[in-house]
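J.: What follows is entry.cif; its format and atoms are mmCIF, C-alpha atoms and all ligand atoms.
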data_entry
#
loop_
_atom_site.group_PDB
_atom_site.id
_atom_site.type_symbol
_atom_site.label_atom_id
_atom_site.label_comp_id
_atom_site.auth_asym_id
_atom_site.auth_seq_id
_atom_site.Cartn_x
_atom_site.Cartn_y
_atom_site.Cartn_z
ATOM 1 C CA MET A 25 -40.968 -19.627 -21.481
ATOM 2 C CA TYR A 26 -38.973 -21.157 -18.628
ATOM 3 C CA ARG A 27 -36.764 -18.133 -18.460
ATOM 4 C CA ILE A 28 -39.780 -15.837 -18.079
ATOM 5 C CA ARG A 29 -41.162 -17.993 -15.286
ATOM 6 C CA ILE A 30 -37.848 -17.961 -13.418
ATOM 7 C CA LEU A 31 -37.587 -14.215 -13.874
ATOM 8 C CA ALA A 32 -41.111 -13.754 -12.538
ATOM 9 C CA MET A 33 -40.245 -15.838 -9.484
ATOM 10 C CA LEU A 34 -37.140 -13.766 -8.889
ATOM 11 C CA VAL A 35 -39.068 -10.504 -9.125
ATOM 12 C CA THR A 36 -41.810 -11.748 -6.800
ATOM 13 C CA GLY A 37 -39.141 -12.823 -4.332
ATOM 14 C CA LEU A 38 -37.532 -9.405 -4.436
ATOM 15 C CA LEU A 39 -40.837 -7.631 -3.844
ATOM 16 C CA ALA A 40 -41.700 -9.895 -0.932
ATOM 17 C CA ALA A 41 -38.329 -9.167 0.633
ATOM 18 C CA ALA A 42 -38.976 -5.417 0.587
ATOM 19 C CA PRO A 43 -41.913 -4.716 2.896
ATOM 20 C CA ALA A 44 -41.702 -0.931 2.517
ATOM 21 C CA PHE A 45 -42.514 -1.210 -1.193
ATOM 22 C CA ALA A 46 -45.736 0.617 -2.070
ATOM 23 C CA ASP A 47 -48.428 -1.592 -3.563
ATOM 24 C CA LEU A 48 -49.615 1.079 -5.975
ATOM 25 C CA LYS A 49 -47.596 3.793 -7.656
ATOM 26 C CA VAL A 50 -50.021 6.603 -8.341
ATOM 27 C CA ALA A 51 -49.505 9.655 -10.549
ATOM 28 C CA THR A 52 -51.978 12.514 -10.915
ATOM 29 C CA SER A 53 -52.565 15.657 -12.958
ATOM 30 C CA LEU A 54 -53.174 17.781 -9.869
ATOM 31 C CA THR A 55 -51.629 18.105 -6.408
ATOM 32 C CA ASP A 56 -55.085 17.948 -4.822
ATOM 33 C CA LEU A 57 -55.690 14.561 -6.415
ATOM 34 C CA ALA A 58 -52.299 13.315 -5.193
ATOM 35 C CA SER A 59 -53.209 14.536 -1.719
ATOM 36 C CA VAL A 60 -56.572 12.710 -1.716
ATOM 37 C CA ALA A 61 -54.924 9.604 -3.228
ATOM 38 C CA GLN A 62 -52.331 9.614 -0.437
ATOM 39 C CA PHE A 63 -54.999 9.869 2.274
ATOM 40 C CA VAL A 64 -57.021 7.050 0.700
ATOM 41 C CA GLY A 65 -54.034 4.865 -0.176
ATOM 42 C CA GLY A 66 -52.239 5.328 3.129
ATOM 43 C CA LYS A 67 -49.117 3.194 3.417
ATOM 44 C CA HIS A 68 -49.994 1.150 0.337
ATOM 45 C CA VAL A 69 -49.704 4.037 -2.095
ATOM 46 C CA THR A 70 -47.146 6.597 -3.204
ATOM 47 C CA ALA A 71 -48.832 9.483 -5.004
ATOM 48 C CA GLN A 72 -47.134 12.135 -7.090
ATOM 49 C CA SER A 73 -48.598 15.000 -9.124
ATOM 50 C CA LEU A 74 -47.214 16.018 -12.506
ATOM 51 C CA CYS A 75 -48.449 19.604 -12.215
ATOM 52 C CA ARG A 76 -47.031 21.340 -9.163
ATOM 53 C CA GLY A 77 -49.294 23.452 -6.954
ATOM 54 C CA PHE A 78 -47.862 26.742 -8.133
ATOM 55 C CA GLU A 79 -48.181 25.867 -11.836
ATOM 56 C CA ASP A 80 -51.203 26.609 -14.012
ATOM 57 C CA PRO A 81 -53.010 23.255 -14.328
ATOM 58 C CA HIS A 82 -54.432 24.229 -17.749
ATOM 59 C CA PHE A 83 -51.029 24.769 -19.315
ATOM 60 C CA VAL A 84 -48.329 22.359 -18.175
ATOM 61 C CA PRO A 85 -45.354 22.010 -20.546
ATOM 62 C CA ALA A 86 -45.458 18.416 -21.862
ATOM 63 C CA LYS A 87 -41.789 17.784 -21.064
ATOM 64 C CA PRO A 88 -40.066 14.389 -21.475
ATOM 65 C CA SER A 89 -39.314 14.469 -17.730
ATOM 66 C CA LEU A 90 -43.059 14.227 -17.022
ATOM 67 C CA MET A 91 -43.401 11.242 -19.365
ATOM 68 C CA LYS A 92 -40.484 9.577 -17.607
ATOM 69 C CA ALA A 93 -42.007 10.267 -14.190
ATOM 70 C CA ILE A 94 -45.039 8.104 -14.986
ATOM 71 C CA GLN A 95 -43.198 5.354 -16.856
ATOM 72 C CA HIS A 96 -43.698 2.869 -14.018
ATOM 73 C CA ALA A 97 -46.957 4.173 -12.530
ATOM 74 C CA ASP A 98 -49.757 1.671 -11.825
ATOM 75 C CA VAL A 99 -52.486 4.308 -11.767
ATOM 76 C CA TYR A 100 -52.937 7.669 -13.473
ATOM 77 C CA ILE A 101 -55.563 10.037 -12.082
ATOM 78 C CA SER A 102 -56.666 12.734 -14.521
ATOM 79 C CA THR A 103 -58.626 15.775 -13.329
ATOM 80 C CA GLY A 104 -61.091 15.167 -16.129
ATOM 81 C CA LEU A 105 -63.438 17.734 -17.727
ATOM 82 C CA GLU A 106 -60.511 18.581 -20.027
ATOM 83 C CA LEU A 107 -58.593 20.604 -17.435
ATOM 84 C CA ASP A 108 -55.464 18.637 -18.410
ATOM 85 C CA ASN A 109 -56.431 18.297 -22.053
ATOM 86 C CA GLY A 110 -53.750 20.715 -23.235
ATOM 87 C CA TRP A 111 -50.907 18.432 -22.136
ATOM 88 C CA LEU A 112 -52.014 15.002 -20.900
ATOM 89 C CA PRO A 113 -52.786 13.640 -24.413
ATOM 90 C CA LEU A 114 -49.059 14.153 -25.145
ATOM 91 C CA VAL A 115 -47.660 13.028 -21.798
ATOM 92 C CA LEU A 116 -49.629 9.775 -21.412
ATOM 93 C CA PRO A 117 -48.638 8.149 -24.744
ATOM 94 C CA GLY A 118 -45.161 9.640 -24.285
ATOM 95 C CA SER A 119 -44.727 7.584 -21.124
ATOM 96 C CA ARG A 120 -45.023 4.337 -23.143
ATOM 97 C CA ASN A 121 -46.631 2.842 -20.037
ATOM 98 C CA PRO A 122 -49.443 0.533 -21.227
ATOM 99 C CA LYS A 123 -50.972 0.268 -17.740
ATOM 100 C CA ILE A 124 -52.196 3.862 -17.513
ATOM 101 C CA GLN A 125 -53.328 4.765 -21.025
ATOM 102 C CA HIS A 126 -56.787 6.269 -21.529
ATOM 103 C CA GLY A 127 -59.402 3.515 -21.376
ATOM 104 C CA THR A 128 -57.309 1.013 -19.377
ATOM 105 C CA LYS A 129 -57.957 -0.099 -15.776
ATOM 106 C CA GLY A 130 -55.119 2.067 -14.524
ATOM 107 C CA PHE A 131 -56.572 5.293 -15.917
ATOM 108 C CA VAL A 132 -58.942 7.175 -13.625
ATOM 109 C CA ASP A 133 -61.040 10.234 -14.447
ATOM 110 C CA ALA A 134 -61.423 11.873 -11.031
ATOM 111 C CA SER A 135 -64.378 13.993 -12.148
ATOM 112 C CA GLU A 136 -66.580 10.911 -12.521
ATOM 113 C CA GLY A 137 -69.498 11.173 -10.095
ATOM 114 C CA VAL A 138 -68.878 14.851 -9.346
ATOM 115 C CA GLN A 139 -71.834 17.154 -9.962
ATOM 116 C CA VAL A 140 -70.504 19.394 -12.704
ATOM 117 C CA LEU A 141 -71.286 23.122 -12.685
ATOM 118 C CA GLU A 142 -71.472 25.389 -15.752
ATOM 119 C CA LYS A 143 -72.106 22.449 -18.029
ATOM 120 C CA PRO A 144 -72.695 23.960 -21.477
ATOM 121 C CA THR A 145 -76.097 23.375 -22.992
ATOM 122 C CA GLY A 146 -76.495 22.871 -26.706
ATOM 123 C CA THR A 147 -73.545 22.667 -29.040
ATOM 124 C CA VAL A 148 -70.114 23.269 -27.598
ATOM 125 C CA SER A 149 -68.049 25.807 -29.428
ATOM 126 C CA ARG A 150 -64.337 25.789 -28.804
ATOM 127 C CA ALA A 151 -64.244 29.475 -29.563
ATOM 128 C CA GLU A 152 -61.606 31.852 -28.322
ATOM 129 C CA GLY A 153 -61.005 31.476 -24.630
ATOM 130 C CA ASP A 154 -63.231 28.464 -24.236
ATOM 131 C CA ILE A 155 -61.024 26.287 -22.055
ATOM 132 C CA HIS A 156 -63.934 24.762 -20.103
ATOM 133 C CA PRO A 157 -65.859 23.033 -22.900
ATOM 134 C CA LEU A 158 -67.287 20.220 -20.717
ATOM 135 C CA GLY A 159 -68.318 22.398 -17.781
ATOM 136 C CA ASN A 160 -66.208 23.960 -15.050
ATOM 137 C CA PRO A 161 -63.319 21.623 -14.142
ATOM 138 C CA HIS A 162 -62.321 23.333 -10.874
ATOM 139 C CA TYR A 163 -64.473 21.063 -8.686
ATOM 140 C CA TYR A 164 -61.519 20.456 -6.358
ATOM 141 C CA LEU A 165 -62.373 23.795 -4.707
ATOM 142 C CA ASP A 166 -65.457 22.165 -3.220
ATOM 143 C CA PRO A 167 -64.615 20.100 -0.116
ATOM 144 C CA LYS A 168 -67.599 17.838 -0.777
ATOM 145 C CA ALA A 169 -66.476 17.078 -4.319
ATOM 146 C CA LEU A 170 -63.214 15.792 -2.833
ATOM 147 C CA GLU A 171 -65.250 13.323 -0.759
ATOM 148 C CA VAL A 172 -66.704 11.991 -4.019
ATOM 149 C CA VAL A 173 -63.160 11.695 -5.366
ATOM 150 C CA ALA A 174 -61.983 9.860 -2.227
ATOM 151 C CA ASP A 175 -64.762 7.273 -2.476
ATOM 152 C CA HIS A 176 -64.096 6.827 -6.179
ATOM 153 C CA LEU A 177 -60.370 6.326 -5.580
ATOM 154 C CA ALA A 178 -61.039 3.779 -2.823
ATOM 155 C CA ASP A 179 -63.065 1.741 -5.347
ATOM 156 C CA LYS A 180 -60.365 2.011 -8.011
ATOM 157 C CA PHE A 181 -57.489 1.138 -5.677
ATOM 158 C CA SER A 182 -59.490 -1.849 -4.382
ATOM 159 C CA GLU A 183 -60.022 -3.073 -7.928
ATOM 160 C CA LEU A 184 -56.293 -2.866 -8.672
ATOM 161 C CA ASP A 185 -55.109 -4.094 -5.276
ATOM 162 C CA PRO A 186 -57.848 -6.314 -3.766
ATOM 163 C CA PRO A 187 -55.865 -7.499 -0.692
ATOM 164 C CA ASN A 188 -55.942 -3.955 0.727
ATOM 165 C CA ALA A 189 -59.532 -3.109 -0.239
ATOM 166 C CA ALA A 190 -60.830 -2.896 3.338
ATOM 167 C CA GLU A 191 -58.100 -0.447 4.248
ATOM 168 C CA TYR A 192 -58.796 1.806 1.242
ATOM 169 C CA LYS A 193 -62.466 1.890 2.161
ATOM 170 C CA ALA A 194 -61.733 2.716 5.803
ATOM 171 C CA ASN A 195 -59.269 5.444 4.792
ATOM 172 C CA ALA A 196 -61.821 7.048 2.455
ATOM 173 C CA LYS A 197 -64.404 7.010 5.230
ATOM 174 C CA ALA A 198 -61.961 8.687 7.621
ATOM 175 C CA PHE A 199 -61.138 11.251 4.924
ATOM 176 C CA ASP A 200 -64.823 12.028 4.374
ATOM 177 C CA GLU A 201 -65.422 12.420 8.110
ATOM 178 C CA ARG A 202 -62.482 14.735 8.553
ATOM 179 C CA MET A 203 -63.669 16.743 5.531
ATOM 180 C CA GLU A 204 -67.170 17.084 6.996
ATOM 181 C CA THR A 205 -65.789 18.369 10.322
ATOM 182 C CA SER A 206 -63.444 20.753 8.510
ATOM 183 C CA LEU A 207 -66.197 21.982 6.207
ATOM 184 C CA ALA A 208 -68.374 22.904 9.195
ATOM 185 C CA LYS A 209 -65.450 24.931 10.587
ATOM 186 C CA TRP A 210 -64.808 26.689 7.257
ATOM 187 C CA GLN A 211 -68.511 27.458 6.778
ATOM 188 C CA LYS A 212 -68.614 29.047 10.215
ATOM 189 C CA GLU A 213 -65.586 31.158 9.394
ATOM 190 C CA LEU A 214 -67.170 32.459 6.179
ATOM 191 C CA GLU A 215 -70.714 32.717 7.575
ATOM 192 C CA PRO A 216 -70.465 36.496 8.246
ATOM 193 C CA TYR A 217 -69.697 37.064 4.549
ATOM 194 C CA LYS A 218 -72.544 35.120 3.017
ATOM 195 C CA GLY A 219 -73.680 36.837 -0.175
ATOM 196 C CA ALA A 220 -70.486 38.921 -0.392
ATOM 197 C CA SER A 221 -69.207 39.650 -3.894
ATOM 198 C CA ILE A 222 -65.699 38.787 -5.023
ATOM 199 C CA VAL A 223 -63.728 39.106 -8.245
ATOM 200 C CA THR A 224 -61.450 36.214 -9.191
ATOM 201 C CA TYR A 225 -58.707 36.157 -11.796
ATOM 202 C CA HIS A 226 -60.096 33.050 -13.504
ATOM 203 C CA LYS A 227 -63.462 31.287 -13.296
ATOM 204 C CA ASN A 228 -62.058 28.758 -10.845
ATOM 205 C CA PHE A 229 -64.127 29.637 -7.772
ATOM 206 C CA VAL A 230 -67.599 28.580 -8.976
ATOM 207 C CA TYR A 231 -67.729 25.437 -6.807
ATOM 208 C CA PHE A 232 -66.236 27.261 -3.833
ATOM 209 C CA ALA A 233 -68.685 30.171 -4.179
ATOM 210 C CA ASP A 234 -71.578 27.748 -4.538
ATOM 211 C CA ARG A 235 -70.579 25.854 -1.397
ATOM 212 C CA PHE A 236 -69.918 28.907 0.782
ATOM 213 C CA GLY A 237 -72.641 31.237 -0.511
ATOM 214 C CA LEU A 238 -70.436 33.860 -2.156
ATOM 215 C CA ASN A 239 -71.309 35.911 -5.223
ATOM 216 C CA LEU A 240 -68.888 35.867 -8.163
ATOM 217 C CA PHE A 241 -69.025 39.427 -9.421
ATOM 218 C CA GLY A 242 -66.556 39.094 -12.291
ATOM 219 C CA THR A 243 -63.121 37.982 -13.407
ATOM 220 C CA VAL A 244 -59.805 39.746 -14.033
ATOM 221 C CA GLU A 245 -59.446 37.905 -17.348
ATOM 222 C CA PRO A 246 -62.212 38.768 -19.818
ATOM 223 C CA LYS A 247 -62.679 35.116 -20.849
ATOM 224 C CA PRO A 248 -61.202 31.884 -19.439
ATOM 225 C CA GLY A 249 -57.623 31.726 -20.658
ATOM 226 C CA ILE A 250 -57.554 35.230 -22.192
ATOM 227 C CA PRO A 251 -55.323 37.829 -20.450
ATOM 228 C CA PRO A 252 -56.878 41.177 -19.489
ATOM 229 C CA ASN A 253 -56.464 44.362 -21.526
ATOM 230 C CA PRO A 254 -56.426 47.914 -20.070
ATOM 231 C CA ARG A 255 -59.894 48.833 -21.347
ATOM 232 C CA TYR A 256 -61.514 45.743 -19.871
ATOM 233 C CA LEU A 257 -59.768 46.330 -16.550
ATOM 234 C CA SER A 258 -60.953 49.914 -16.294
ATOM 235 C CA GLU A 259 -64.548 48.848 -17.046
ATOM 236 C CA GLN A 260 -64.246 46.165 -14.368
ATOM 237 C CA ALA A 261 -62.847 48.702 -11.865
ATOM 238 C CA ASP A 262 -65.783 51.051 -12.513
ATOM 239 C CA ALA A 263 -68.297 48.245 -12.109
ATOM 240 C CA MET A 264 -66.650 47.133 -8.850
ATOM 241 C CA LYS A 265 -66.709 50.679 -7.484
ATOM 242 C CA LYS A 266 -70.373 51.120 -8.359
ATOM 243 C CA SER A 267 -71.313 47.889 -6.603
ATOM 244 C CA ASN A 268 -68.860 48.339 -3.730
ATOM 245 C CA VAL A 269 -66.938 45.125 -4.500
ATOM 246 C CA LYS A 270 -63.579 45.191 -2.707
ATOM 247 C CA VAL A 271 -61.868 41.820 -2.999
ATOM 248 C CA VAL A 272 -59.876 40.387 -5.921
ATOM 249 C CA ILE A 273 -58.423 36.861 -5.725
ATOM 250 C CA TYR A 274 -55.601 35.512 -7.873
ATOM 251 C CA GLN A 275 -53.326 32.449 -7.960
ATOM 252 C CA PRO A 276 -49.510 32.235 -7.865
ATOM 253 C CA TYR A 277 -49.403 31.576 -11.632
ATOM 254 C CA TYR A 278 -51.647 34.485 -12.628
ATOM 255 C CA ASN A 279 -50.849 38.149 -13.216
ATOM 256 C CA ALA A 280 -50.512 39.688 -9.737
ATOM 257 C CA ASP A 281 -49.945 43.181 -11.158
ATOM 258 C CA ALA A 282 -53.236 43.214 -13.090
ATOM 259 C CA SER A 283 -55.073 41.891 -10.007
ATOM 260 C CA ASN A 284 -53.492 44.450 -7.668
ATOM 261 C CA ASP A 285 -54.055 47.274 -10.130
ATOM 262 C CA LEU A 286 -57.731 46.390 -10.496
ATOM 263 C CA ALA A 287 -58.234 46.149 -6.734
ATOM 264 C CA LYS A 288 -56.457 49.435 -6.147
ATOM 265 C CA ARG A 289 -58.563 51.254 -8.722
ATOM 266 C CA ALA A 290 -61.716 49.852 -7.123
ATOM 267 C CA GLY A 291 -60.518 50.914 -3.672
ATOM 268 C CA GLY A 292 -60.178 47.320 -2.540
ATOM 269 C CA VAL A 293 -57.564 44.649 -1.990
ATOM 270 C CA ALA A 294 -56.114 41.780 -4.030
ATOM 271 C CA VAL A 295 -55.132 38.573 -2.233
ATOM 272 C CA GLU A 296 -53.141 35.602 -3.462
ATOM 273 C CA ILE A 297 -54.858 32.297 -2.687
ATOM 274 C CA ALA A 298 -53.598 28.865 -3.714
ATOM 275 C CA THR A 299 -56.369 26.924 -5.416
ATOM 276 C CA GLU A 300 -54.179 23.813 -5.691
ATOM 277 C CA ALA A 301 -52.470 22.162 -2.713
ATOM 278 C CA GLY A 302 -48.806 23.145 -2.440
ATOM 279 C CA GLY A 303 -49.349 26.378 -4.374
ATOM 280 C CA MET A 304 -48.176 28.468 -1.430
ATOM 281 C CA PRO A 305 -46.352 27.768 1.848
ATOM 282 C CA GLY A 306 -48.537 26.013 4.415
ATOM 283 C CA THR A 307 -50.896 24.439 1.865
ATOM 284 C CA ASP A 308 -49.305 21.005 1.575
ATOM 285 C CA ASP A 309 -52.487 18.927 1.566
ATOM 286 C CA VAL A 310 -56.132 19.541 0.687
ATOM 287 C CA PHE A 311 -57.080 20.337 4.289
ATOM 288 C CA SER A 312 -54.427 22.993 4.844
ATOM 289 C CA LYS A 313 -55.184 24.384 1.375
ATOM 290 C CA PHE A 314 -58.748 25.139 2.453
ATOM 291 C CA ASP A 315 -57.599 26.331 5.899
ATOM 292 C CA VAL A 316 -55.397 28.992 4.315
ATOM 293 C CA ALA A 317 -57.858 29.900 1.524
ATOM 294 C CA VAL A 318 -60.749 30.375 3.953
ATOM 295 C CA SER A 319 -58.789 32.415 6.497
ATOM 296 C CA THR A 320 -57.189 34.600 3.799
ATOM 297 C CA LEU A 321 -60.543 35.255 2.174
ATOM 298 C CA ALA A 322 -62.288 35.932 5.490
ATOM 299 C CA GLY A 323 -59.513 38.401 6.361
ATOM 300 C CA ALA A 324 -59.877 40.193 3.026
ATOM 301 C CA LEU A 325 -63.667 40.341 3.247
ATOM 302 C CA SER A 326 -63.507 41.694 6.810
ATOM 303 C CA GLY A 327 -61.533 44.638 5.447
ATOM 304 C CA LYS A 328 -58.912 44.179 8.165
ATOM 305 C CA SER A 329 -56.197 42.430 6.193
ATOM 306 C CA GLY A 330 -54.085 43.519 3.287
ATOM 307 C CA GLY A 331 -55.154 47.059 2.477
ATOM 308 C CA ALA A 332 -54.300 48.957 -0.682
ATOM 309 C CA ARG A 333 -50.837 48.192 -1.949
HETATM 310 ZN ZN ZN A 401 -60.099 26.826 -15.704
#
How does the structure come out when it is put into structure tokens?
Ligand SMILES: [Zn+2]
T.:
Amino acid sequence: MYRIRILAMLVTGLLAAAPAFADLKVATSLTDLASVAQFVGGKHVTAQSLCRGFEDPHFVPAKPSLMKAIQHADVYISTGLELDNGWLPLVLPGSRNPKIQHGTKGFVDASEGVQVLEKPTGTVSRAEGDIHPLGNPHYYLDPKALEVVADHLADKFSELDPPNAAEYKANAKAFDERMETSLAKWQKELEPYKGASIVTYHKNFVYFADRFGLNLFGTVEPKPGIPPNPRYLSEQADAMKKSNVKVVIYQPYYNADASNDLAKRAGGVAVEIATEAGGMPGTDDVFSKFDVAVSTLAGALSGKSGGAR
């Protein structure tokens, strides 16, 4: 008993002597969540994502190195809506960190409070390709959804670290304000293309399309998580040609060849856009991610950028 008390005093003393020590060690499933957590946490938080921006967030290999990376985390922020369900249920228990297990105070579901799109009605079937059984989990492509996340994280961080609560709240407010200003800029940039149709590799642009008034014409993959086959692609190319749809969007971790081939056959262009922060150069945080996505998409829709490859 005594020994424990002495040890505790020693540890407290060490922490007090190191002012640069972060108050909360945060780990996340997604780079976007780490980015928001860093804005909200400021100097009191170090945030790190397990999935890197250029990796498919649905399918992250549940390596021991990931478990080790969150061994000493104080907070774990999951994307929720089962986006990380293929790997997190292995990685979390594997970390042997009691502070961040599902259901504890240190576990955060970032989708809480977000208005979920494509929520299935009736019974959910986990049939072939159904990797969005709770609704579409790609809400982090809506700038406004990230404001919800920021406010949520400020509450959680305050609960776990009450002395810095006022700062977390102020940081979240500043984040929301910057997001509102940025959103107005992005909306202006995409305004000329309102109602334009696009094809995306995966069904990950529903929130983005909803926010910016774009029409999702179809996907390169026939079903979420199922790779395209030649027959499906040629049907898609014909449909695109008939409706004069010219733009195909894919991510760094998806099949660029299939996307380019489809665009070429439809007489259009395929562009690579990072949907997660850090997925491509110049997209290090959530703001620059949207900056690059919006300008790339506007360029493609204007018909002036890219061209047939
Ligand atoms: Zn998905």
J.: Of the candidates A:Tyr256, A:Tyr225, A:Phe83, A:Phe63, which shows the shortest atom-to-atom distance to Tyr278 in chain A, using only C-alpha atoms?
T.: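 Going through A:Tyr256, A:Tyr225, A:Phe83, A:Phe63 one by one, the smallest distance to Tyr278 in chain A is for A:Tyr225.
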J.: Using only C-alpha atoms and all ligand atoms, find each residue of chain A with at least one atom at most 7 Å away from an atom of ligand ZN 401 (chain A); report its shortest atom-to-atom pair and that distance in Å (one decimal), sort the rows by chain and rising residue number, and return the result as a Markdown table.
T.:
| residue | atom | partner | partner_atom | distance |
| --- | --- | --- | --- | --- |
| A:His82 | CA | A:ZN401 | ZN | 6.6 |
| A:Leu107 | CA | A:ZN401 | ZN | 6.6 |
| A:Ile155 | CA | A:ZN401 | ZN | 6.4 |
| A:His156 | CA | A:ZN401 | ZN | 6.2 |
| A:Asn160 | CA | A:ZN401 | ZN | 6.8 |
| A:Pro161 | CA | A:ZN401 | ZN | 6.3 |
| A:His162 | CA | A:ZN401 | ZN | 6.4 |
| A:His226 | CA | A:ZN401 | ZN | 6.6 |
| A:Lys227 | CA | A:ZN401 | ZN | 6.1 |
| A:Asn228 | CA | A:ZN401 | ZN | 5.6 |
| A:Pro248 | CA | A:ZN401 | ZN | 6.4 |
J.: Export C-alpha atoms of the chosen residues as a PDB file, keeping the file's coordinate frame?
T.:
ATOM      1  CA  HIS A  82     -54.432  24.229 -17.749  1.00  0.00           C
ATOM      2  CA  LEU A 107     -58.593  20.604 -17.435  1.00  0.00           C
ATOM      3  CA  ILE A 155     -61.024  26.287 -22.055  1.00  0.00           C
ATOM      4  CA  HIS A 156     -63.934  24.762 -20.103  1.00  0.00           C
ATOM      5  CA  ASN A 160     -66.208  23.960 -15.050  1.00  0.00           C
ATOM      6  CA  PRO A 161     -63.319  21.623 -14.142  1.00  0.00           C
ATOM      7  CA  HIS A 162     -62.321  23.333 -10.874  1.00  0.00           C
ATOM      8  CA  HIS A 226     -60.096  33.050 -13.504  1.00  0.00           C
ATOM      9  CA  LYS A 227     -63.462  31.287 -13.296  1.00  0.00           C
ATOM     10  CA  ASN A 228     -62.058  28.758 -10.845  1.00  0.00           C
ATOM     11  CA  PRO A 248     -61.202  31.884 -19.439  1.00  0.00           C
TER      12      PRO A 248
END
J.: Hey, what comes out of the PyMOL selection byres (((chain A and resi 163) around 8) and not hetatm) on this file? Could you write it as JSON, numbers by chain?
T.: {"A": [135, 138, 140, 160, 161, 162, 164, 165, 166, 169, 170, 231]}
J.: So how many Å separate CA of Gly306 in chain A and CA of Leu214 in chain A, to one decimal?
T.: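 Those two atoms sit 19.8 Å apart.
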J.: Excluding Lys49 in chain A and its own-chain neighbours fewer than 3 positions away, which residues fall within 7 Å of it when counting only C-alpha atoms? Please give them as a short mmCIF file (atom, residue, chain, number, x, y, z; two decimals) with C-alpha atoms, in the coordinates of the input.
T.:
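Everything below was put into part-v7.cif:
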data_model
loop_
_atom_site.label_atom_id
_atom_site.label_comp_id
_atom_site.auth_asym_id
_atom_site.auth_seq_id
_atom_site.Cartn_x
_atom_site.Cartn_y
_atom_site.Cartn_z
CA ALA A 46 -45.74 0.62 -2.07
CA VAL A 69 -49.70 4.04 -2.10
CA THR A 70 -47.15 6.60 -3.20
CA ALA A 71 -48.83 9.48 -5.00
CA ALA A 97 -46.96 4.17 -12.53
CA ASP A 98 -49.76 1.67 -11.82
CA VAL A 99 -52.49 4.31 -11.77
#
J.: Tell me, in Å to one decimal, how far CA of Leu184 in chain A is from CA of Tyr100 in chain A.
T.: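 About the pair CA of Leu184 in chain A and CA of Tyr100 in chain A: they are 12.1 Å apart.
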J.: For range 232-242 of chain A, list every protein, DNA or RNA residue within 8 Å, evaluated using only C-alpha atoms, and leave out those in the same chain fewer than 3 positions away; present the list as a list in words.
T.: Leu165, Asp166, Gln211, Leu214, Glu215, Tyr217, Lys218, Gly219, Ala220, Ser221, Ile222, Val223, Thr224, Phe229, Gln260 and Val269 of chain A
J.: Applied to this file, what does the PyMOL selection byres (((chain A and resi 159) around 6) and not hetatm) return in terms of residues, put as a list in words?
T.: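 Selected by the PyMOL selection byres (((chain A and resi 159) around 6) and not hetatm) in this file: Leu141, Glu142, Lys143, Pro144, His156, Pro157, Leu158 and Asn160 of chain A.
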J.: Starting from the displayed file, determine the output of the PyMOL selection byres (((chain A and resi 129) around 10) and not hetatm) and express the residue list as a list in words.
T.: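 Selected by the PyMOL selection byres (((chain A and resi 129) around 10) and not hetatm) in this file: Asp98, Val99, Tyr100, Lys123, Ile124, Gln125, His126, Gly127, Thr128, Gly130, Phe131, Val132, Lys180, Glu183 and Leu184 of chain A.
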J.: Expressed in Å to a single decimal, how great is the separation between CA of Glu213 in chain A and CA of Ser267 in chain A?
T.: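 Computed distance, CA of Glu213 in chain A to CA of Ser267 in chain A, equals 23.8 Å.
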